[in-house]
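So this block is data22.txt, compact mmCIF, C-alpha atoms:
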```txt
# COMPACT_ATOMS: atom_id res chain seq x y z
CA MET A 22 80.51 108.58 108.28
CA ILE A 23 83.73 106.79 107.34
CA PHE A 24 86.48 108.44 105.31
CA CYS A 25 88.96 106.05 103.74
CA PHE A 26 92.25 106.60 101.94
CA SER A 27 94.17 103.51 100.88
CA GLY A 28 97.36 102.94 98.95
CA THR A 29 97.57 99.15 98.85
CA GLY A 30 94.02 98.22 99.88
CA ASN A 31 94.69 97.41 103.54
CA SER A 32 92.97 100.55 104.83
CA ARG A 33 90.05 100.00 102.47
CA TYR A 34 89.64 96.47 103.85
CA ILE A 35 89.53 97.76 107.43
CA ALA A 36 87.13 100.58 106.49
CA LYS A 37 84.80 98.05 104.84
CA ARG A 38 84.82 95.83 107.93
CA ILE A 39 83.99 98.81 110.16
CA ALA A 40 81.29 100.04 107.76
CA ASP A 41 79.66 96.61 107.65
CA GLU A 42 79.52 96.41 111.46
CA LEU A 43 78.26 99.98 111.95
CA HIS A 44 76.03 100.11 108.84
CA GLU A 45 77.79 103.29 107.69
CA ASN A 46 78.77 104.61 104.27
CA ILE A 47 82.39 104.92 103.15
CA ILE A 48 83.60 108.08 101.45
CA ASP A 49 86.50 107.17 99.18
CA LEU A 50 89.13 109.88 99.60
CA ASN A 51 91.29 108.37 96.83
CA GLU A 52 88.55 109.12 94.31
CA LYS A 53 87.82 112.61 95.65
CA ILE A 54 91.48 113.62 95.69
CA LYS A 55 92.28 112.16 92.25
CA THR A 56 89.28 113.86 90.60
CA ASN A 57 89.94 117.18 92.38
CA ASN A 58 86.51 116.96 93.99
CA TYR A 59 86.59 119.89 96.39
CA SER A 60 82.90 119.97 97.22
CA SER A 61 82.36 120.42 100.93
CA ILE A 62 80.92 117.64 103.05
CA GLU A 63 78.75 118.09 106.11
CA THR A 64 79.68 115.49 108.69
CA GLY A 65 77.34 113.96 111.19
CA ASP A 66 78.14 113.52 114.86
CA ASN A 67 80.71 110.78 114.36
CA VAL A 68 83.51 110.52 111.83
CA ILE A 69 85.86 107.57 111.38
CA LEU A 70 89.03 108.16 109.40
CA VAL A 71 90.84 105.06 108.12
CA VAL A 72 94.22 105.85 106.55
CA PRO A 73 97.72 104.38 106.41
CA THR A 74 100.51 105.96 108.44
CA TYR A 75 103.41 107.44 106.51
CA ALA A 76 106.37 108.60 108.64
CA TRP A 77 104.27 108.62 111.84
CA ARG A 78 101.41 110.70 110.43
CA ILE A 79 98.54 110.50 107.98
CA PRO A 80 99.47 111.28 104.38
CA ARG A 81 99.80 115.04 103.79
CA ILE A 82 97.52 114.88 100.76
CA VAL A 83 94.76 113.51 103.02
CA SER A 84 95.26 115.97 105.88
CA ASN A 85 95.32 118.91 103.43
CA TRP A 86 92.11 117.74 101.77
CA LEU A 87 90.33 117.11 105.07
CA TYR A 88 91.26 120.38 106.77
CA ASN A 89 90.23 122.45 103.76
CA ARG A 90 87.04 120.64 102.74
CA ILE A 91 85.18 119.40 105.80
CA HIS A 92 82.69 121.37 107.90
CA TRP A 93 83.22 119.50 111.13
CA GLY A 94 80.46 120.96 113.31
CA LYS A 95 80.03 118.93 116.50
CA THR A 96 82.06 115.91 115.53
CA TYR A 97 83.74 113.11 117.39
CA LEU A 98 86.67 112.00 115.24
CA VAL A 99 88.09 108.49 115.50
CA CYS A 100 91.30 107.75 113.56
CA TYR A 101 92.43 104.24 112.68
CA GLU A 102 96.02 104.25 111.53
CA LEU A 103 97.52 101.07 110.15
CA TRP A 104 101.16 100.46 111.06
```
Please render this file's structure as structure tokens.
Amino acid sequence: MIFCFSGTGNSRYIAKRIADELHENIIDLNEKIKTNNYSSIETGDNVILVVPTYAWRIPRIVSNWLYNRIHWGKTYLVCYELW
């Protein structure tokens, strides 16, 4: 499962490349956040998070959404941050 948040499109490009190689689906966090979609998501074993870095961290809007909406279970989280 790949979560993607992109401001300019760079993170979305990277997420698409990763998804194509791994044959995974991308969950567009931009769309979920903008539409106030707060439905919970059950993750699988692996989660890839592709987001830009703002002031040495992921955007607060993304971290707030993730921590309050995801049921992590047994998850291995990989973060790709674009500098």
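CA of Thr56 in chain A sits 26.4 Å away from CA of His44 in chain A.
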12 Å contact set for range 24-33 of chain A, only C-alpha atoms, chain neighbours under 3 positions out, as a VMD selection string: chain A and resid 36 to 40 45 to 55 62 64 67 to 75 79 to 84 86 to 87 91 98 to 104
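When CA of Tyr34 in chain A is paired with CA of Arg78 in chain A, their separation reads 19.6 Å.
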Padding of 6 Å on every side, edges along x, y and z, all listed atoms of range 72-86 of chain A included: what centre and edge lengths in Å, to one decimal, does that box have, as lines of an AutoDock Vina configuration file?
```
center_x = 99.2
center_y = 111.6
center_z = 106.3
size_x = 26.3
size_y = 26.5
size_z = 23.1
```
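Checking A:Asn57, A:Glu63, A:Met22, A:Asn85 one by one against Leu43 in chain A, counting all atoms listed in the file, you find the shortest gap at A:Met22.
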